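Contents: one structure, followed by commentary.
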Amino acid sequence: MDAGLLGRLLLYAAVATSLWGLAASELGRRREDPRLVLTGRRALYTTCAIFGVAAVVLVGAIMRHDFAIEYVAQVSSKTLRFPFTVSALWAGMAGSLLFWSLLTSIYASTAVAVQAPRRPELVATATAVLSFILGFLAVVLAFGANPFAAASPVPPDGQGLNPLLQSGFMNIHPVMLYAGLTGFAVPFAFAVSALVSGKLDSSWFTSTRRWTMLAWTFLTVGIILGAAWAYMELGWGGYWAWDPVENASLLPWLTGTAFLHSVMIQERRGMLKTWNVALVLSTYSLAVLGTFLTRSGLLASVHTFSNSPVGKFFLPFLAVLVVASFVLLAMRLDKLRSDRHLDSALSRESMFLFNNLLFAAIAFTVLWGTLYPVFVEAVKGTQIAVGPPFFDAVVVPLGLALLALMGIGPLVAWRRASAASIRKNFALPFAAGALVILTLYASGVRSAGAAFAIGLGAFVTVTIATEFVKGARAHARTELLPFPRALGRTLTRSRRRYGGYIVHFGVVLIFLGLAGASFVKTWSGGMSPGQDFTIGAYRVHYVGVRLGSKPGELMSDAVMDISRGGHQIAVMNPSINFYTAQQQNQPTVALRSTPAEDLYLALNDLDPKTGDIVLRAWVNPLVMWIWIGGVVMALGMILILTGRPPGSPAAPTRGEPEEVPAADEGPEKVAVPA
């Protein structure tokens, strides 16, 4: 059968099975008929299989260069290299929506299959909600952005990928980003199910907490990889520009992070129930909003797809999600009220609450700054831009406050902290932070923001190290273990707690890298062979042009000798490549990276005949620590995810207590299981 026809039939089938899953699950819940509920689940699994087969069919068509399919002709060509041929699946709008649908269906099917025997009272409605989401996506694919639409006439060759997308990051960044954004559908569905059923105890979030953590981990990695892509491929010397689509991916990350923190208060004290449900609903709604903004043509960005008809599908879908879910929340407010209150403003609960308020403030700022130009254009017909100065002025101070809370939180007891415990616990971390700030000032650093960020990083690092040392000493004392083994026992016995500390340390490293932006040095200008310039401690000598070619590309490299202190340390080759299929030039930066700083060279223009170039250069301090911090955060989340599932039987440890500690029990009171 023709691949295009088969693909279209599969999408129509996905519409039918997802709608049947919705109807059967909801009808089975209302009639309390387990056979109908089971039928709904099977329909959900079938929808997942259909999306999987459709994705395989499309990838096969791309690999065979079946240009009779319009999408294949748009995103691939006969000269496109193999890795990018595979990533062409998600390189265009229609293919990316199919990939998005496949990931959502995998999450949905797996979560429902796992939770069906554990939480049958929640699964029926959750299946209906997930089927509704998949049904919407199937309708968009079948009738709005069909990746199997026929090309007419059939071209002899395809257009190929945009040269900017022909990067190794294309094979991993969108996958991680989509795996994060789509994963939030699971906690959203179970939260709605809890609201519908009225079963608003801890079961709904313990059922989906791991799915939230998994989605958050993927999204975190995706955002950091996106920053690395922008840094290494776009040639502008930076990694985050507050681009509207960057912001769209950041918004659900902010609310998802807030939920992962505030849910601890609900677990420990039974508080913030309404807030936690609202955060889960908001997180998936913001993920859908980002998808709408990316594909509607409302925002101008290097990341957006071209204007298309899918925006008219997503806007009403988003409205239904937001209105219906929050109306349900309003109807259940009485059942979500907490009969407990904060005992003291100086308690760990308060620190988590302040943490959430800061995340909410940052999310509101980013959302407002992203959408305000859209509102102005819609009302007044004029185009404006909200740029980095606005976001930096608001978000940077709030971000530093969040960094401070990461160090303060572990030092403050649950319920109420005494002045004595505060003095004892804060002494060493505060001294470390103050010492770092004074040392930076004495060494000539006059950027208050950078010095404060690095000082806070030292404060948080010492707090985290102290927590690890206390836990390891307790294990060593109780179980008579050497310190290294005791430290390992601490990690394995309380993975969630100490994995969280590792994640926080990764954040500290990222802030260290961000602080380096205060010390950037730049140079730009025209050069001829034989000329040189100085930037920072580097001497850059332009040798000449080196020409080359490979299938589909003509390469023009500038050969730059780099010396420092009178000694040659590297040869760097910024280049401009001409892609024959697209008839388009694409610069490629040259980067020399060390833990201390990066030397970053980008060509703006090159004349292969005369050898004259226009070059821009940056010395970017500490950038490597951003990428190292991302790796550390991912390792911390892996440690958390490999721990025991919530609610599984296990003996409680005082390293991560099951019960709330007594008032004024500070973090120095650590013990281990017998």
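The chains in the structure tokens are called A, B, ... from first to last as shown; in each chain the residues are counted from 1, and the ligands are counted from 1 in the order shown.
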With only C-alpha atoms as the counted atoms, please give the residues lying no more than 9 Å from region 92-104 of chain A, apart from itself and same-chain residues fewer than 3 positions off, as a JSON list (two decimals) with all heavy atoms, in the first residue's frame.
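The result, written out as around18.json:
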[["chain", "number", "residue", "atom", "x", "y", "z"],
["A", 48, "CYS", "N", -2.08, 4.19, 21.07],
["A", 48, "CYS", "CA", -0.62, 4.27, 21.18],
["A", 48, "CYS", "C", 0.04, 3.45, 20.08],
["A", 48, "CYS", "O", 0.98, 3.91, 19.43],
["A", 48, "CYS", "CB", -0.18, 3.79, 22.56],
["A", 48, "CYS", "SG", 1.60, 3.78, 22.81],
["A", 49, "ALA", "N", -0.45, 2.23, 19.86],
["A", 49, "ALA", "CA", 0.13, 1.38, 18.81],
["A", 49, "ALA", "C", -0.04, 2.02, 17.44],
["A", 49, "ALA", "O", 0.87, 1.96, 16.59],
["A", 49, "ALA", "CB", -0.53, 0.00, 18.85],
["A", 50, "ILE", "N", -1.19, 2.63, 17.19],
["A", 50, "ILE", "CA", -1.44, 3.26, 15.88],
["A", 50, "ILE", "C", -0.46, 4.41, 15.66],
["A", 50, "ILE", "O", 0.13, 4.54, 14.57],
["A", 50, "ILE", "CB", -2.89, 3.75, 15.80],
["A", 50, "ILE", "CG1", -3.84, 2.55, 15.72],
["A", 50, "ILE", "CG2", -3.09, 4.66, 14.59],
["A", 50, "ILE", "CD1", -5.31, 2.93, 15.83],
["A", 51, "PHE", "N", -0.27, 5.25, 16.68],
["A", 51, "PHE", "CA", 0.69, 6.34, 16.53],
["A", 51, "PHE", "C", 2.10, 5.80, 16.31],
["A", 51, "PHE", "O", 2.89, 6.37, 15.54],
["A", 51, "PHE", "CB", 0.67, 7.25, 17.77],
["A", 51, "PHE", "CG", -0.44, 8.26, 17.77],
["A", 51, "PHE", "CD1", -1.25, 8.42, 18.88],
["A", 51, "PHE", "CD2", -0.68, 9.05, 16.66],
["A", 51, "PHE", "CE1", -2.28, 9.36, 18.90],
["A", 51, "PHE", "CE2", -1.71, 9.99, 16.67],
["A", 51, "PHE", "CZ", -2.50, 10.14, 17.78],
["A", 52, "GLY", "N", 2.43, 4.70, 16.98],
["A", 52, "GLY", "CA", 3.75, 4.10, 16.77],
["A", 52, "GLY", "C", 3.94, 3.61, 15.35],
["A", 52, "GLY", "O", 4.99, 3.86, 14.74],
["A", 54, "ALA", "N", 2.31, 4.68, 12.72],
["A", 54, "ALA", "CA", 2.33, 5.85, 11.84],
["A", 54, "ALA", "C", 3.70, 6.50, 11.83],
["A", 54, "ALA", "O", 4.20, 6.91, 10.76],
["A", 54, "ALA", "CB", 1.27, 6.85, 12.30],
["A", 55, "ALA", "N", 4.34, 6.59, 13.00],
["A", 55, "ALA", "CA", 5.68, 7.17, 13.05],
["A", 55, "ALA", "C", 6.68, 6.31, 12.28],
["A", 55, "ALA", "O", 7.55, 6.84, 11.56],
["A", 55, "ALA", "CB", 6.12, 7.32, 14.50],
["A", 58, "LEU", "N", 6.21, 6.92, 8.59],
["A", 58, "LEU", "CA", 6.76, 8.20, 8.14],
["A", 58, "LEU", "C", 8.28, 8.17, 8.11],
["A", 58, "LEU", "O", 8.89, 8.67, 7.15],
["A", 58, "LEU", "CB", 6.28, 9.32, 9.07],
["A", 58, "LEU", "CG", 6.68, 10.74, 8.66],
["A", 58, "LEU", "CD1", 6.20, 11.07, 7.25],
["A", 58, "LEU", "CD2", 6.16, 11.77, 9.65],
["A", 71, "TYR", "N", 5.45, 16.20, 3.24],
["A", 71, "TYR", "CA", 6.30, 16.44, 4.41],
["A", 71, "TYR", "C", 7.72, 15.92, 4.16],
["A", 71, "TYR", "O", 8.70, 16.59, 4.51],
["A", 71, "TYR", "CB", 5.71, 15.76, 5.64],
["A", 71, "TYR", "CG", 6.54, 15.96, 6.89],
["A", 71, "TYR", "CD1", 6.46, 17.14, 7.60],
["A", 71, "TYR", "CD2", 7.41, 14.97, 7.34],
["A", 71, "TYR", "CE1", 7.24, 17.34, 8.74],
["A", 71, "TYR", "CE2", 8.18, 15.15, 8.47],
["A", 71, "TYR", "CZ", 8.09, 16.34, 9.17],
["A", 71, "TYR", "OH", 8.87, 16.53, 10.29],
["A", 74, "GLN", "N", 9.64, 18.29, 2.17],
["A", 74, "GLN", "CA", 9.96, 19.54, 2.87],
["A", 74, "GLN", "C", 11.16, 19.41, 3.78],
["A", 74, "GLN", "O", 11.91, 20.38, 3.96],
["A", 74, "GLN", "CB", 8.75, 19.99, 3.68],
["A", 74, "GLN", "CG", 7.57, 20.47, 2.86],
["A", 74, "GLN", "CD", 6.35, 20.75, 3.72],
["A", 74, "GLN", "OE1", 6.29, 20.36, 4.89],
["A", 74, "GLN", "NE2", 5.37, 21.43, 3.15],
["A", 75, "VAL", "N", 11.38, 18.24, 4.39],
["A", 75, "VAL", "CA", 12.38, 18.14, 5.45],
["A", 75, "VAL", "C", 13.56, 17.24, 5.12],
["A", 75, "VAL", "O", 14.47, 17.10, 5.94],
["A", 75, "VAL", "CB", 11.72, 17.64, 6.76],
["A", 75, "VAL", "CG1", 10.66, 18.61, 7.23],
["A", 75, "VAL", "CG2", 11.15, 16.24, 6.60],
["A", 88, "ALA", "N", 14.60, 14.21, 10.90],
["A", 88, "ALA", "CA", 13.60, 14.90, 10.08],
["A", 88, "ALA", "C", 12.18, 14.57, 10.54],
["A", 88, "ALA", "O", 11.25, 15.32, 10.24],
["A", 88, "ALA", "CB", 13.78, 14.51, 8.61],
["A", 89, "LEU", "N", 12.00, 13.46, 11.28],
["A", 89, "LEU", "CA", 10.68, 13.12, 11.81],
["A", 89, "LEU", "C", 10.10, 14.27, 12.62],
["A", 89, "LEU", "O", 8.91, 14.58, 12.52],
["A", 89, "LEU", "CB", 10.76, 11.85, 12.67],
["A", 89, "LEU", "CG", 9.50, 11.50, 13.47],
["A", 89, "LEU", "CD1", 8.33, 11.19, 12.54],
["A", 89, "LEU", "CD2", 9.76, 10.33, 14.41],
["A", 107, "TYR", "N", 3.44, 7.69, 27.23],
["A", 107, "TYR", "CA", 3.26, 8.06, 28.64],
["A", 107, "TYR", "C", 1.90, 7.59, 29.15],
["A", 107, "TYR", "O", 1.78, 6.99, 30.23],
["A", 107, "TYR", "CB", 3.34, 9.58, 28.79],
["A", 107, "TYR", "CG", 4.73, 10.14, 29.03],
["A", 107, "TYR", "CD1", 5.32, 10.99, 28.11],
["A", 107, "TYR", "CD2", 5.43, 9.85, 30.19],
["A", 107, "TYR", "CE1", 6.57, 11.54, 28.32],
["A", 107, "TYR", "CE2", 6.69, 10.39, 30.42],
["A", 107, "TYR", "CZ", 7.25, 11.24, 29.49],
["A", 107, "TYR", "OH", 8.49, 11.77, 29.71],
["A", 108, "ALA", "N", 0.85, 7.91, 28.39],
["A", 108, "ALA", "CA", -0.52, 7.61, 28.83],
["A", 108, "ALA", "C", -0.71, 6.11, 29.02],
["A", 108, "ALA", "O", -1.24, 5.66, 30.05],
["A", 108, "ALA", "CB", -1.52, 8.16, 27.81],
["A", 109, "SER", "N", -0.31, 5.33, 28.02],
["A", 109, "SER", "CA", -0.52, 3.88, 28.09],
["A", 109, "SER", "C", 0.26, 3.26, 29.24],
["A", 109, "SER", "O", -0.26, 2.41, 29.98],
["A", 109, "SER", "CB", -0.12, 3.23, 26.77],
["A", 109, "SER", "OG", -0.90, 3.72, 25.71],
["A", 130, "LEU", "N", -6.88, 11.34, 29.14],
["A", 130, "LEU", "CA", -5.76, 11.09, 28.22],
["A", 130, "LEU", "C", -6.26, 10.75, 26.83],
["A", 130, "LEU", "O", -5.65, 11.15, 25.82],
["A", 130, "LEU", "CB", -4.89, 9.96, 28.78],
["A", 130, "LEU", "CG", -4.13, 10.31, 30.07],
["A", 130, "LEU", "CD1", -3.56, 9.07, 30.73],
["A", 130, "LEU", "CD2", -3.01, 11.31, 29.78],
["A", 133, "ILE", "N", -7.14, 13.98, 25.14],
["A", 133, "ILE", "CA", -5.94, 14.67, 24.65],
["A", 133, "ILE", "C", -5.44, 14.02, 23.36],
["A", 133, "ILE", "O", -5.14, 14.71, 22.37],
["A", 133, "ILE", "CB", -4.84, 14.66, 25.73],
["A", 133, "ILE", "CG1", -5.28, 15.51, 26.93],
["A", 133, "ILE", "CG2", -3.52, 15.14, 25.17],
["A", 133, "ILE", "CD1", -4.37, 15.37, 28.14],
["A", 134, "LEU", "N", -5.36, 12.69, 23.35],
["A", 134, "LEU", "CA", -4.89, 11.98, 22.15],
["A", 134, "LEU", "C", -5.87, 12.14, 21.00],
["A", 134, "LEU", "O", -5.45, 12.25, 19.83],
["A", 134, "LEU", "CB", -4.68, 10.50, 22.47],
["A", 134, "LEU", "CG", -3.53, 10.20, 23.44],
["A", 134, "LEU", "CD1", -3.49, 8.71, 23.77],
["A", 134, "LEU", "CD2", -2.19, 10.64, 22.85],
["A", 137, "LEU", "N", -5.18, 15.48, 19.43],
["A", 137, "LEU", "CA", -3.96, 15.44, 18.61],
["A", 137, "LEU", "C", -4.20, 14.69, 17.30],
["A", 137, "LEU", "O", -3.70, 15.08, 16.24],
["A", 137, "LEU", "CB", -2.83, 14.80, 19.41],
["A", 137, "LEU", "CG", -2.33, 15.60, 20.63],
["A", 137, "LEU", "CD1", -1.37, 14.76, 21.46],
["A", 137, "LEU", "CD2", -1.65, 16.89, 20.17],
["A", 138, "ALA", "N", -4.97, 13.60, 17.37],
["A", 138, "ALA", "CA", -5.26, 12.83, 16.16],
["A", 138, "ALA", "C", -6.08, 13.66, 15.18],
["A", 138, "ALA", "O", -5.85, 13.61, 13.96],
["A", 138, "ALA", "CB", -5.99, 11.54, 16.52],
["A", 140, "VAL", "N", -6.06, 16.96, 14.90],
["A", 140, "VAL", "CA", -5.15, 17.96, 14.33],
["A", 140, "VAL", "C", -4.31, 17.34, 13.22],
["A", 140, "VAL", "O", -4.13, 17.94, 12.14],
["A", 140, "VAL", "CB", -4.26, 18.57, 15.42],
["A", 140, "VAL", "CG1", -3.21, 19.49, 14.80],
["A", 140, "VAL", "CG2", -5.09, 19.33, 16.43],
["A", 141, "LEU", "N", -3.78, 16.14, 13.48],
["A", 141, "LEU", "CA", -2.94, 15.48, 12.48],
["A", 141, "LEU", "C", -3.74, 15.08, 11.25],
["A", 141, "LEU", "O", -3.28, 15.24, 10.11],
["A", 141, "LEU", "CB", -2.28, 14.25, 13.09],
["A", 141, "LEU", "CG", -1.14, 14.52, 14.07],
["A", 141, "LEU", "CD1", -0.78, 13.26, 14.84],
["A", 141, "LEU", "CD2", 0.09, 15.05, 13.33],
["A", 144, "GLY", "N", -5.64, 18.90, 10.14],
["A", 144, "GLY", "CA", -5.00, 20.21, 10.17],
["A", 144, "GLY", "C", -3.59, 20.23, 9.65],
["A", 144, "GLY", "O", -3.22, 21.10, 8.86],
["A", 145, "ALA", "N", -2.77, 19.29, 10.10],
["A", 145, "ALA", "CA", -1.35, 19.25, 9.69],
["A", 145, "ALA", "C", -0.98, 17.79, 9.46],
["A", 145, "ALA", "O", -0.27, 17.17, 10.25],
["A", 145, "ALA", "CB", -0.47, 19.86, 10.78],
["A", 146, "ASN", "N", -1.46, 17.25, 8.35],
["A", 146, "ASN", "CA", -1.28, 15.82, 8.07],
["A", 146, "ASN", "C", 0.12, 15.58, 7.50],
["A", 146, "ASN", "O", 0.46, 16.08, 6.43],
["A", 146, "ASN", "CB", -2.33, 15.36, 7.06],
["A", 146, "ASN", "CG", -2.44, 13.84, 7.01],
["A", 146, "ASN", "OD1", -1.45, 13.14, 7.03],
["A", 146, "ASN", "ND2", -3.67, 13.34, 6.97],
["A", 147, "PRO", "N", 0.95, 14.81, 8.22],
["A", 147, "PRO", "CA", 2.31, 14.55, 7.71],
["A", 147, "PRO", "C", 2.34, 13.61, 6.52],
["A", 147, "PRO", "O", 3.41, 13.41, 5.92],
["A", 147, "PRO", "CB", 3.02, 13.93, 8.92],
["A", 147, "PRO", "CG", 1.92, 13.29, 9.71],
["A", 147, "PRO", "CD", 0.71, 14.17, 9.52],
["A", 148, "PHE", "N", 1.18, 13.04, 6.15],
["A", 148, "PHE", "CA", 1.11, 12.11, 5.02],
["A", 148, "PHE", "C", 0.40, 12.71, 3.81],
["A", 148, "PHE", "O", 0.05, 12.00, 2.87],
["A", 148, "PHE", "CB", 0.41, 10.82, 5.45],
["A", 148, "PHE", "CG", 1.12, 10.08, 6.54],
["A", 148, "PHE", "CD1", 0.71, 10.19, 7.87],
["A", 148, "PHE", "CD2", 2.22, 9.29, 6.26],
["A", 148, "PHE", "CE1", 1.36, 9.52, 8.87],
["A", 148, "PHE", "CE2", 2.89, 8.61, 7.27],
["A", 148, "PHE", "CZ", 2.46, 8.72, 8.58],
["A", 161, "LEU", "N", 16.80, 19.63, 5.23],
["A", 161, "LEU", "CA", 16.66, 20.36, 6.49],
["A", 161, "LEU", "C", 17.27, 21.75, 6.38],
["A", 161, "LEU", "O", 18.28, 21.95, 5.70],
["A", 161, "LEU", "CB", 17.36, 19.61, 7.62],
["A", 161, "LEU", "CG", 16.62, 18.47, 8.31],
["A", 161, "LEU", "CD1", 17.47, 17.94, 9.46],
["A", 161, "LEU", "CD2", 15.28, 18.91, 8.81],
["A", 174, "PRO", "N", 15.27, 18.21, 20.77],
["A", 174, "PRO", "CA", 13.81, 18.15, 20.67],
["A", 174, "PRO", "C", 13.22, 16.91, 21.35],
["A", 174, "PRO", "O", 12.11, 16.97, 21.91],
["A", 174, "PRO", "CB", 13.55, 18.13, 19.15],
["A", 174, "PRO", "CG", 14.78, 18.70, 18.54],
["A", 174, "PRO", "CD", 15.90, 18.25, 19.44],
["A", 175, "VAL", "N", 13.95, 15.79, 21.29],
["A", 175, "VAL", "CA", 13.45, 14.56, 21.92],
["A", 175, "VAL", "C", 13.30, 14.78, 23.43],
["A", 175, "VAL", "O", 12.27, 14.44, 24.04],
["A", 175, "VAL", "CB", 14.40, 13.39, 21.63],
["A", 175, "VAL", "CG1", 13.94, 12.13, 22.36],
["A", 175, "VAL", "CG2", 14.48, 13.13, 20.14],
["A", 178, "TYR", "N", 10.43, 17.42, 24.11],
["A", 178, "TYR", "CA", 9.09, 16.87, 23.92],
["A", 178, "TYR", "C", 8.78, 15.81, 24.97],
["A", 178, "TYR", "O", 7.63, 15.72, 25.45],
["A", 178, "TYR", "CB", 8.96, 16.25, 22.53],
["A", 178, "TYR", "CG", 8.94, 17.25, 21.39],
["A", 178, "TYR", "CD1", 9.02, 18.62, 21.62],
["A", 178, "TYR", "CD2", 8.83, 16.83, 20.07],
["A", 178, "TYR", "CE1", 9.00, 19.53, 20.58],
["A", 178, "TYR", "CE2", 8.80, 17.74, 19.01],
["A", 178, "TYR", "CZ", 8.89, 19.09, 19.28],
["A", 178, "TYR", "OH", 8.87, 19.99, 18.25],
["A", 179, "ALA", "N", 9.79, 15.01, 25.34],
["A", 179, "ALA", "CA", 9.56, 13.99, 26.37],
["A", 179, "ALA", "C", 9.21, 14.64, 27.70],
["A", 179, "ALA", "O", 8.48, 14.05, 28.51],
["A", 179, "ALA", "CB", 10.79, 13.10, 26.51],
["A", 181, "LEU", "N", 7.69, 17.88, 28.01],
["A", 181, "LEU", "CA", 6.41, 18.58, 27.91],
["A", 181, "LEU", "C", 5.23, 17.61, 27.84],
["A", 181, "LEU", "O", 4.20, 17.83, 28.47],
["A", 181, "LEU", "CB", 6.43, 19.49, 26.68],
["A", 181, "LEU", "CG", 7.43, 20.66, 26.74],
["A", 181, "LEU", "CD1", 7.52, 21.35, 25.39],
["A", 181, "LEU", "CD2", 7.04, 21.65, 27.82],
["A", 182, "THR", "N", 5.38, 16.53, 27.08],
["A", 182, "THR", "CA", 4.26, 15.59, 26.95],
["A", 182, "THR", "C", 4.03, 14.81, 28.24],
["A", 182, "THR", "O", 2.90, 14.41, 28.53],
["A", 182, "THR", "CB", 4.52, 14.60, 25.80],
["A", 182, "THR", "OG1", 5.75, 13.90, 26.03],
["A", 182, "THR", "CG2", 4.60, 15.32, 24.47],
["A", 183, "GLY", "N", 5.09, 14.58, 29.01],
["A", 183, "GLY", "CA", 4.94, 13.79, 30.23],
["A", 183, "GLY", "C", 4.03, 14.41, 31.26],
["A", 183, "GLY", "O", 3.45, 13.70, 32.11],
["A", 184, "PHE", "N", 3.87, 15.73, 31.23],
["A", 184, "PHE", "CA", 3.00, 16.38, 32.21],
["A", 184, "PHE", "C", 1.53, 16.09, 31.98],
["A", 184, "PHE", "O", 0.68, 16.45, 32.81],
["A", 184, "PHE", "CB", 3.24, 17.89, 32.20],
["A", 184, "PHE", "CG", 4.59, 18.29, 32.76],
["A", 184, "PHE", "CD1", 5.49, 19.01, 31.99],
["A", 184, "PHE", "CD2", 4.95, 17.93, 34.04],
["A", 184, "PHE", "CE1", 6.72, 19.38, 32.49],
["A", 184, "PHE", "CE2", 6.19, 18.29, 34.57],
["A", 184, "PHE", "CZ", 7.08, 19.02, 33.79],
["A", 185, "ALA", "N", 1.19, 15.43, 30.86],
["A", 185, "ALA", "CA", -0.20, 15.03, 30.63],
["A", 185, "ALA", "C", -0.66, 14.02, 31.68],
["A", 185, "ALA", "O", -1.84, 13.99, 32.05],
["A", 185, "ALA", "CB", -0.37, 14.44, 29.23],
["A", 186, "VAL", "N", 0.26, 13.18, 32.17],
["A", 186, "VAL", "CA", -0.13, 12.13, 33.13],
["A", 186, "VAL", "C", -0.56, 12.73, 34.47],
["A", 186, "VAL", "O", -1.67, 12.44, 34.95],
["A", 186, "VAL", "CB", 1.01, 11.11, 33.29],
["A", 186, "VAL", "CG1", 0.70, 10.13, 34.43],
["A", 186, "VAL", "CG2", 1.23, 10.34, 31.99],
["A", 295, "ARG", "N", 3.39, 27.02, 17.12],
["A", 295, "ARG", "CA", 2.82, 26.59, 15.84],
["A", 295, "ARG", "C", 1.72, 27.49, 15.30],
["A", 295, "ARG", "O", 1.18, 27.21, 14.24],
["A", 295, "ARG", "CB", 2.27, 25.16, 16.00],
["A", 295, "ARG", "CG", 3.37, 24.15, 16.19],
["A", 295, "ARG", "CD", 2.86, 22.82, 16.72],
["A", 295, "ARG", "NE", 3.93, 21.84, 16.73],
["A", 295, "ARG", "CZ", 4.84, 21.74, 17.69],
["A", 295, "ARG", "NH1", 4.80, 22.56, 18.73],
["A", 295, "ARG", "NH2", 5.80, 20.83, 17.62],
["A", 305, "PHE", "N", 7.68, 27.31, 14.10],
["A", 305, "PHE", "CA", 7.34, 26.81, 12.78],
["A", 305, "PHE", "C", 6.61, 27.91, 12.03],
["A", 305, "PHE", "O", 6.12, 28.89, 12.61],
["A", 305, "PHE", "CB", 6.47, 25.56, 12.89],
["A", 305, "PHE", "CG", 7.17, 24.41, 13.56],
["A", 305, "PHE", "CD1", 6.95, 24.13, 14.90],
["A", 305, "PHE", "CD2", 8.06, 23.62, 12.86],
["A", 305, "PHE", "CE1", 7.59, 23.07, 15.52],
["A", 305, "PHE", "CE2", 8.70, 22.56, 13.47],
["A", 305, "PHE", "CZ", 8.47, 22.29, 14.80],
["A", 306, "SER", "N", 6.52, 27.75, 10.74],
["A", 306, "SER", "CA", 5.85, 28.77, 9.93],
["A", 306, "SER", "C", 4.37, 28.83, 10.28],
["A", 306, "SER", "O", 3.80, 27.91, 10.87],
["A", 306, "SER", "CB", 6.02, 28.45, 8.45],
["A", 306, "SER", "OG", 5.48, 27.17, 8.16],
["A", 308, "SER", "N", 0.55, 28.50, 10.30],
["A", 308, "SER", "CA", -0.17, 27.32, 9.85],
["A", 308, "SER", "C", -1.58, 27.35, 10.42],
["A", 308, "SER", "O", -1.90, 28.12, 11.32],
["A", 308, "SER", "CB", 0.55, 26.06, 10.32],
["A", 308, "SER", "OG", 0.33, 25.88, 11.70]]
Identify, with DSSP run on backbone atoms, the residues in region 312-547 of chain A assigned to alpha helix (DSSP H), and express the list as a ChimeraX atom specification.
-> /A:312-331,333-336,348-380,388-408,419-442,448-479,483-493,495-515
Determine which residues of region 443-657 of chain A DSSP labels as strand (DSSP E) from the backbone of this structure, then write them out as a VMD selection string.
-> chain A and resid 521 to 527 532 to 535 538 to 550 553 to 564 567 to 572 575 to 579 584 to 588 590 to 593 597 to 606 613 to 621
Selection: 10 Å around Ile265 (chain A), only C-alpha atoms, excl. self and same-chain fewer than 4 positions, as a ChimeraX atom specification = /A:260-261,269-273,276,348-350,352-353,414
Exercise: Ser325 (chain A) partners within 12 Å, only C-alpha atoms, chain neighbours under 3 positions left out, as a PyMOL selection string | chain A and resi 129+188-196+277-282+284-285+318-322+328-332
Nearest candidate to Pro587 (chain A) (options A:Val571, A:Leu635, A:Val245, A:Leu164; using only C-alpha atoms) =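 Using only C-alpha atoms, the shortest distance to Pro587 (chain A) belongs to A:Leu164.
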Name the residues in contact with Arg118 (chain A) at a cut-off of 12 Å, using only C-alpha atoms, excluding same-chain residues fewer than 3 positions from it; report them as a list in words.
->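 That gives Ala111, Val112, Ala113, Val114, Gln115, Glu121, Leu122, Val123, Ser203, Trp204, Thr206, Ser207, Thr208, Gly647 and Ser648 of chain A.
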Output N, CA and C atoms for every residue in the selection just made, as an mmCIF file, in the first residue's frame.
data_model
loop_
_atom_site.group_PDB
_atom_site.id
_atom_site.type_symbol
_atom_site.label_atom_id
_atom_site.label_comp_id
_atom_site.auth_asym_id
_atom_site.auth_seq_id
_atom_site.Cartn_x
_atom_site.Cartn_y
_atom_site.Cartn_z
ATOM 1 N N ALA A 111 1.440 4.739 32.032
ATOM 2 C CA ALA A 111 0.935 5.160 33.342
ATOM 3 C C ALA A 111 -0.375 4.463 33.680
ATOM 4 N N VAL A 112 -1.267 4.353 32.727
ATOM 5 C CA VAL A 112 -2.555 3.697 32.973
ATOM 6 C C VAL A 112 -2.351 2.216 33.269
ATOM 7 N N ALA A 113 -1.476 1.558 32.510
ATOM 8 C CA ALA A 113 -1.219 0.137 32.745
ATOM 9 C C ALA A 113 -0.633 -0.103 34.132
ATOM 10 N N VAL A 114 0.260 0.789 34.576
ATOM 11 C CA VAL A 114 0.893 0.631 35.888
ATOM 12 C C VAL A 114 -0.099 0.913 37.013
ATOM 13 N N GLN A 115 -0.932 1.943 36.843
ATOM 14 C CA GLN A 115 -1.803 2.373 37.931
ATOM 15 C C GLN A 115 -3.143 1.639 37.977
ATOM 16 N N GLU A 121 -9.787 3.444 41.226
ATOM 17 C CA GLU A 121 -10.778 4.502 41.394
ATOM 18 C C GLU A 121 -10.411 5.767 40.619
ATOM 19 N N LEU A 122 -9.122 5.901 40.239
ATOM 20 C CA LEU A 122 -8.678 7.082 39.500
ATOM 21 C C LEU A 122 -8.442 6.813 38.022
ATOM 22 N N VAL A 123 -8.214 5.560 37.666
ATOM 23 C CA VAL A 123 -7.738 5.243 36.323
ATOM 24 C C VAL A 123 -8.792 5.485 35.250
ATOM 25 N N SER A 203 -3.458 10.057 47.327
ATOM 26 C CA SER A 203 -3.281 9.000 46.327
ATOM 27 C C SER A 203 -3.055 9.551 44.928
ATOM 28 N N TRP A 204 -3.671 10.698 44.596
ATOM 29 C CA TRP A 204 -3.548 11.176 43.216
ATOM 30 C C TRP A 204 -2.129 11.621 42.909
ATOM 31 N N THR A 206 0.698 10.738 44.742
ATOM 32 C CA THR A 206 1.648 9.638 44.890
ATOM 33 C C THR A 206 1.592 8.712 43.677
ATOM 34 N N SER A 207 0.440 8.653 43.001
ATOM 35 C CA SER A 207 0.315 7.826 41.800
ATOM 36 C C SER A 207 1.118 8.396 40.629
ATOM 37 N N THR A 208 1.330 9.685 40.637
ATOM 38 C CA THR A 208 1.928 10.322 39.450
ATOM 39 C C THR A 208 3.200 11.085 39.753
ATOM 40 N N GLY A 647 4.915 5.468 48.677
ATOM 41 C CA GLY A 647 3.872 4.597 49.209
ATOM 42 C C GLY A 647 4.282 3.148 49.335
ATOM 43 N N SER A 648 5.476 2.771 48.842
ATOM 44 C CA SER A 648 5.894 1.383 48.975
ATOM 45 C C SER A 648 6.351 1.136 50.402
#
